[in-house]
file input14.pdb (PDB, C-alpha atoms)
ATOM      1  CA  MET A   1      -5.325  -1.920  21.822
ATOM      2  CA  SER A   2      -4.883  -2.618  25.501
ATOM      3  CA  GLY A   3      -2.631  -5.369  26.732
ATOM      4  CA  GLN A   4      -3.509  -8.049  29.198
ATOM      5  CA  VAL A   5      -1.918  -7.817  32.636
ATOM      6  CA  ILE A   6      -0.349 -11.033  33.862
ATOM      7  CA  LYS A   7       0.486 -11.326  37.525
ATOM      8  CA  VAL A   8       3.582 -13.339  38.210
ATOM      9  CA  LYS A   9       3.389 -15.483  41.316
ATOM     10  CA  ARG A  10       6.910 -15.147  42.641
ATOM     11  CA  HIS A  11       6.336 -16.366  46.175
ATOM     12  CA  GLU A  12       4.181 -19.388  45.358
ATOM     13  CA  LYS A  13       5.174 -22.677  46.952
ATOM     14  CA  LEU A  14       6.017 -25.312  44.365
ATOM     15  CA  GLY A  15       5.121 -28.932  44.869
ATOM     16  CA  VAL A  16       7.588 -31.806  44.668
ATOM     17  CA  LEU A  17       6.743 -32.637  41.019
ATOM     18  CA  GLU A  18       6.926 -28.997  39.984
ATOM     19  CA  ARG A  19      10.345 -28.594  41.609
ATOM     20  CA  LEU A  20      11.589 -31.564  39.562
ATOM     21  CA  TYR A  21      10.107 -30.021  36.373
ATOM     22  CA  VAL A  22       8.401 -33.336  35.564
ATOM     23  CA  PRO A  23       5.189 -31.760  34.161
ATOM     24  CA  MET A  24       7.204 -29.528  31.796
ATOM     25  CA  ILE A  25       9.344 -32.442  30.616
ATOM     26  CA  VAL A  26       6.213 -34.538  29.951
ATOM     27  CA  GLN A  27       4.624 -31.616  28.090
ATOM     28  CA  GLY A  28       7.750 -31.202  25.915
ATOM     29  CA  LEU A  29       7.876 -34.917  25.146
ATOM     30  CA  ALA A  30       4.177 -34.815  24.171
ATOM     31  CA  VAL A  31       4.784 -31.993  21.681
ATOM     32  CA  THR A  32       7.816 -33.780  20.212
ATOM     33  CA  ALA A  33       5.962 -37.098  19.933
ATOM     34  CA  GLY A  34       3.024 -35.363  18.258
ATOM     35  CA  HIS A  35       5.267 -33.877  15.559
ATOM     36  CA  PHE A  36       7.121 -37.173  15.131
ATOM     37  CA  PHE A  37       4.014 -39.304  14.614
ATOM     38  CA  ARG A  38       2.305 -36.731  12.360
ATOM     39  CA  ASN A  39       5.400 -36.599  10.126
ATOM     40  CA  LEU A  40       5.763 -40.399  10.217
ATOM     41  CA  ARG A  41       2.159 -40.821   9.090
ATOM     42  CA  GLY A  42       2.702 -38.320   6.253
ATOM     43  CA  PHE A  43       5.908 -40.069   5.208
ATOM     44  CA  ILE A  44       4.266 -43.509   5.120
ATOM     45  CA  THR A  45       1.039 -42.466   3.393
ATOM     46  CA  GLY A  46       2.543 -39.704   1.276
ATOM     47  CA  LYS A  47      -0.392 -37.408   2.099
ATOM     48  CA  ASN A  48      -0.545 -34.277   4.244
ATOM     49  CA  ARG A  49       3.218 -34.022   4.570
ATOM     50  CA  THR A  50       4.165 -31.000   6.642
ATOM     51  CA  ASP A  51       7.902 -31.573   6.682
ATOM     52  CA  PHE A  52      10.388 -30.173   4.205
ATOM     53  CA  VAL A  53      12.797 -32.941   3.345
ATOM     54  CA  VAL A  54      14.843 -33.246   0.192
ATOM     55  CA  GLN A  55      15.836 -36.815  -0.621
ATOM     56  CA  TYR A  56      19.375 -35.881  -1.641
ATOM     57  CA  PRO A  57      20.935 -36.729  -4.130
ATOM     58  CA  ASP A  58      17.826 -38.074  -5.902
ATOM     59  CA  GLU A  59      15.975 -34.785  -5.404
ATOM     60  CA  ARG A  60      17.535 -31.361  -5.853
ATOM     61  CA  ILE A  61      16.224 -27.936  -4.984
ATOM     62  CA  ASP A  62      16.600 -24.881  -7.179
ATOM     63  CA  TYR A  63      18.705 -22.382  -5.301
ATOM     64  CA  PRO A  64      17.948 -18.659  -5.583
ATOM     65  CA  ASP A  65      19.871 -16.528  -8.051
ATOM     66  CA  ALA A  66      21.896 -14.976  -5.226
ATOM     67  CA  PHE A  67      23.319 -18.407  -4.281
ATOM     68  CA  ARG A  68      27.134 -18.470  -4.286
ATOM     69  CA  GLY A  69      28.812 -21.705  -5.265
ATOM     70  CA  MET A  70      32.442 -22.114  -6.259
ATOM     71  CA  PRO A  71      34.069 -19.344  -8.295
ATOM     72  CA  VAL A  72      34.698 -20.061 -11.992
ATOM     73  CA  LEU A  73      36.154 -18.183 -14.956
ATOM     74  CA  VAL A  74      33.880 -17.058 -17.782
ATOM     75  CA  GLN A  75      34.974 -18.572 -21.093
ATOM     76  CA  LEU A  76      34.541 -16.557 -24.294
ATOM     77  CA  ASP A  77      33.348 -18.093 -27.563
ATOM     78  CA  ASN A  78      36.954 -18.481 -28.764
ATOM     79  CA  GLY A  79      37.785 -20.649 -25.720
ATOM     80  CA  GLN A  80      39.848 -18.023 -23.929
ATOM     81  CA  PRO A  81      38.969 -16.630 -20.490
ATOM     82  CA  ARG A  82      37.385 -13.198 -20.254
ATOM     83  CA  CYS A  83      39.957 -12.369 -17.560
ATOM     84  CA  VAL A  84      42.486  -9.590 -18.256
ATOM     85  CA  ALA A  85      44.748 -10.571 -15.316
ATOM     86  CA  CYS A  86      44.267  -7.280 -13.473
ATOM     87  CA  GLY A  87      44.730  -9.021 -10.110
ATOM     88  CA  LEU A  88      41.799  -7.337  -8.336
ATOM     89  CA  CYS A  89      40.184 -10.661  -7.451
ATOM     90  CA  GLU A  90      43.491 -11.905  -6.066
ATOM     91  CA  PHE A  91      43.806  -8.760  -3.965
ATOM     92  CA  ALA A  92      40.181  -8.902  -2.734
ATOM     93  CA  CYS A  93      40.353 -12.547  -1.640
ATOM     94  CA  PRO A  94      40.485 -12.688   2.185
ATOM     95  CA  THR A  95      41.946 -16.210   2.245
ATOM     96  CA  ASP A  96      44.570 -15.654  -0.482
ATOM     97  CA  CYS A  97      43.404 -18.722  -2.370
ATOM     98  CA  ILE A  98      43.621 -17.071  -5.822
ATOM     99  CA  SER A  99      46.925 -16.778  -7.652
ATOM    100  CA  ILE A 100      47.364 -15.212 -11.090
ATOM    101  CA  VAL A 101      50.396 -15.110 -13.362
ATOM    102  CA  PRO A 102      49.743 -12.385 -15.962
ATOM    103  CA  GLY A 103      51.003 -12.530 -19.520
ATOM    104  CA  GLU A 104      50.965 -10.022 -22.375
ATOM    105  CA  ILE A 105      49.901 -10.396 -25.989
ATOM    106  CA  GLU A 106      51.391  -8.035 -28.570
ATOM    107  CA  GLY A 107      48.930  -6.353 -30.924
ATOM    108  CA  ALA A 108      45.768  -8.001 -29.573
ATOM    109  CA  ARG A 109      42.545  -6.309 -28.517
ATOM    110  CA  ILE A 110      43.021  -7.612 -24.963
ATOM    111  CA  GLU A 111      46.633  -6.922 -24.082
ATOM    112  CA  ARG A 112      46.848  -9.018 -20.924
ATOM    113  CA  TYR A 113      45.674 -12.500 -20.169
ATOM    114  CA  PRO A 114      46.270 -14.949 -17.338
ATOM    115  CA  GLU A 115      49.051 -17.385 -18.176
ATOM    116  CA  ALA A 116      48.133 -19.231 -14.994
ATOM    117  CA  PHE A 117      45.013 -18.780 -12.883
ATOM    118  CA  ASN A 118      44.732 -21.046  -9.836
ATOM    119  CA  ILE A 119      42.211 -21.252  -7.013
ATOM    120  CA  ASP A 120      42.780 -23.442  -3.978
ATOM    121  CA  MET A 121      39.213 -24.607  -3.288
ATOM    122  CA  SER A 122      40.241 -26.115   0.040
ATOM    123  CA  ARG A 123      40.790 -22.556   1.294
ATOM    124  CA  CYS A 124      38.028 -20.753  -0.616
ATOM    125  CA  MET A 125      35.097 -19.725   1.564
ATOM    126  CA  PHE A 126      32.725 -18.846  -1.313
ATOM    127  CA  CYS A 127      32.378 -15.250  -0.085
ATOM    128  CA  GLY A 128      31.995 -13.688  -3.548
ATOM    129  CA  LEU A 129      34.439 -10.824  -2.969
ATOM    130  CA  CYS A 130      36.424 -11.864  -6.056
ATOM    131  CA  GLU A 131      33.248 -11.610  -8.120
ATOM    132  CA  GLU A 132      32.484  -8.135  -6.775
ATOM    133  CA  ALA A 133      36.026  -6.903  -7.412
ATOM    134  CA  CYS A 134      36.195  -8.080 -11.032
ATOM    135  CA  PRO A 135      35.567  -5.193 -13.486
ATOM    136  CA  GLU A 136      35.204  -7.537 -16.488
ATOM    137  CA  GLU A 137      32.669 -10.057 -15.097
ATOM    138  CA  ALA A 138      35.375 -12.639 -15.709
ATOM    139  CA  ILE A 139      35.090 -14.523 -12.414
ATOM    140  CA  VAL A 140      31.629 -15.381 -11.109
ATOM    141  CA  MET A 141      30.188 -17.640  -8.453
ATOM    142  CA  SER A 142      28.674 -20.713 -10.089
ATOM    143  CA  ARG A 143      25.922 -22.969  -8.776
ATOM    144  CA  GLU A 144      28.439 -25.791  -8.206
ATOM    145  CA  PHE A 145      29.219 -26.503  -4.568
ATOM    146  CA  GLU A 146      29.862 -30.261  -4.427
ATOM    147  CA  ILE A 147      33.649 -30.402  -4.651
ATOM    148  CA  SER A 148      34.599 -33.052  -2.130
ATOM    149  CA  SER A 149      37.828 -34.967  -2.508
ATOM    150  CA  TYR A 150      40.033 -37.421  -0.650
ATOM    151  CA  ASP A 151      43.207 -35.657  -1.743
ATOM    152  CA  ARG A 152      43.857 -32.001  -1.021
ATOM    153  CA  ARG A 153      45.986 -31.584  -4.160
ATOM    154  CA  THR A 154      42.943 -32.248  -6.368
ATOM    155  CA  LEU A 155      41.277 -29.152  -4.896
ATOM    156  CA  ASN A 156      43.828 -26.875  -6.586
ATOM    157  CA  TYR A 157      41.879 -25.802  -9.663
ATOM    158  CA  ASP A 158      43.876 -24.472 -12.608
ATOM    159  CA  LYS A 159      42.656 -22.264 -15.452
ATOM    160  CA  GLU A 160      41.460 -25.170 -17.599
ATOM    161  CA  ARG A 161      39.308 -26.637 -14.795
ATOM    162  CA  LEU A 162      37.878 -23.216 -13.918
ATOM    163  CA  LEU A 163      36.750 -22.252 -17.432
ATOM    164  CA  VAL A 164      32.978 -22.454 -17.923
ATOM    165  CA  PRO A 165      31.204 -21.281 -21.114
ATOM    166  CA  GLU A 166      29.292 -18.039 -20.769
ATOM    167  CA  THR A 167      26.028 -19.706 -21.825
ATOM    168  CA  LEU A 168      26.102 -21.939 -18.716
ATOM    169  CA  LEU A 169      26.574 -18.896 -16.460
ATOM    170  CA  LYS A 170      23.824 -16.813 -18.056
ATOM    171  CA  ARG A 171      21.531 -16.904 -15.015
ATOM    172  CA  ARG A 172      24.237 -15.660 -12.625
ATOM    173  CA  LEU A 173      25.462 -12.967 -15.034
ATOM    174  CA  GLU A 174      21.912 -11.648 -15.468
ATOM    175  CA  PHE A 175      21.503 -11.542 -11.692
ATOM    176  CA  LEU A 176      24.750  -9.569 -11.326
ATOM    177  CA  ARG A 177      23.768  -7.113 -14.048
ATOM    178  CA  GLY A 178      20.413  -6.628 -12.341
ATOM    179  CA  GLU A 179      22.208  -5.877  -9.076
ATOM    180  CA  TYR A 180      24.436  -3.333 -10.821
ATOM    181  CA  ASP A 181      21.393  -1.610 -12.328
ATOM    182  CA  ARG A 182      19.718  -1.449  -8.913
ATOM    183  CA  VAL A 183      22.802   0.064  -7.311
ATOM    184  CA  HIS A 184      23.374   2.657 -10.022
ATOM    185  CA  ALA A 185      19.680   3.584 -10.384
ATOM    186  CA  GLY A 186      19.370   4.519  -6.685
ATOM    187  CA  GLY A 187      22.542   6.571  -6.680
ATOM    188  CA  GLU A 188      24.003   4.976  -3.576
ATOM    189  CA  ARG A 189      24.534   1.459  -2.358
ATOM    190  CA  ARG A 190      22.197   0.111   0.282
ATOM    191  CA  SER A 191      23.628  -2.089   2.997
TER     192      SER A 191
END
call {"tool": "encode", "arguments": {"input": "input14.pdb", "output": "structure tokens"}}
result
Amino acid sequence: MSGQVIKVKRHEKLGVLERLYVPMIVQGLAVTAGHFFRNLRGFITGKNRTDFVVQYPDERIDYPDAFRGMPVLVQLDNGQPRCVACGLCEFACPTDCISIVPGEIEGARIERYPEAFNIDMSRCMFCGLCEEACPEEAIVMSREFEISSYDRRTLNYDKERLLVPETLLKRRLEFLRGEYDRVHAGGERRS
């Protein structure tokens, strides 16, 4: 397929209006006005809407499975966290917003548990590195992202506020397990 040759007129004399860029400004305003009035007509009549507007908070969109909201702890059926207080999420966190105080249980199936598990949500950047570092799928990124507050102290989430039943996190856990299968099936991780 041959291309079209366009000759650029570099030495052409521009008129007064062209030197002021008035025709280009008028052309840009015409395009903007066209979009504005087409969208206004669609908004008023409700037909032929070409814009994508979500009337938040009345309307919500369903985010994809890869969406990362705030990190939460997975709660087992007995009410305890799945976390074994290994500290890998705390180590992987680039903002150091996770702090864990480990405790030990004598004679239990899970020997360690977090006595205290705190996340400072005012520092968390929702990167998901804690989720990737966790070998137990104990900390996952939820779909919750609306955590505004007037007081910074209320953004320090303790273990009780972070616990979410496993049934509510089923969609995210299935996504993570699907990602693990994809990585292990190919033999090497794709970037």
call {"tool": "resolve_selection", "arguments": {"input": "input14.pdb", "expression": "the PyMOL selection byres ((chain A and resi 75) around 7)", "output": "list in words"}}
result
Leu73, Val74, Leu76, Asp77, Gly79, Gln80, Pro81, Arg82, Leu163, Val164, Pro165 and Glu166 of chain A
call {"tool": "closest_residue", "arguments": {"input": "input14.pdb", "among": "A:Lys7, A:Val101, A:Phe43, A:Val22", "to": "Gln55 (chain A)", "atoms": "only C-alpha atoms"}}
result
A:Phe43
call {"tool": "resolve_selection", "arguments": {"input": "input14.pdb", "expression": "the PyMOL selection byres ((chain A and resi 125) around 12)", "output": "number ranges by chain"}}
result
A: 68-71, 93-98, 119-124, 126-130, 141, 145
call {"tool": "write_last_selection", "arguments": {"input": "input14.pdb", "atoms": "C-alpha atoms", "output": "short mmCIF file (atom, residue, chain, number, x, y, z; two decimals), in the frame of the given file"}}
result
data_model
loop_
_atom_site.label_atom_id
_atom_site.label_comp_id
_atom_site.auth_asym_id
_atom_site.auth_seq_id
_atom_site.Cartn_x
_atom_site.Cartn_y
_atom_site.Cartn_z
CA ARG A 68 27.13 -18.47 -4.29
CA GLY A 69 28.81 -21.70 -5.26
CA MET A 70 32.44 -22.11 -6.26
CA PRO A 71 34.07 -19.34 -8.30
CA CYS A 93 40.35 -12.55 -1.64
CA PRO A 94 40.48 -12.69 2.18
CA THR A 95 41.95 -16.21 2.24
CA ASP A 96 44.57 -15.65 -0.48
CA CYS A 97 43.40 -18.72 -2.37
CA ILE A 98 43.62 -17.07 -5.82
CA ILE A 119 42.21 -21.25 -7.01
CA ASP A 120 42.78 -23.44 -3.98
CA MET A 121 39.21 -24.61 -3.29
CA SER A 122 40.24 -26.12 0.04
CA ARG A 123 40.79 -22.56 1.29
CA CYS A 124 38.03 -20.75 -0.62
CA PHE A 126 32.72 -18.85 -1.31
CA CYS A 127 32.38 -15.25 -0.08
CA GLY A 128 32.00 -13.69 -3.55
CA LEU A 129 34.44 -10.82 -2.97
CA CYS A 130 36.42 -11.86 -6.06
CA MET A 141 30.19 -17.64 -8.45
CA PHE A 145 29.22 -26.50 -4.57
#
call {"tool": "closest_residue", "arguments": {"input": "input14.pdb", "among": "A:Ala133, A:Val5, A:Cys83, A:Ile100", "to": "Arg112 (chain A)", "atoms": "only C-alpha atoms"}}
result
A:Cys83
call {"tool": "axis_aligned_box", "arguments": {"input": "input14.pdb", "around": "region 3-8 of chain A", "padding_each_side": "8 Å", "output": "lines of an AutoDock Vina configuration file"}}
result
center_x = 0.0
center_y = -9.4
center_z = 32.5
size_x = 23.1
size_y = 24.0
size_z = 27.5
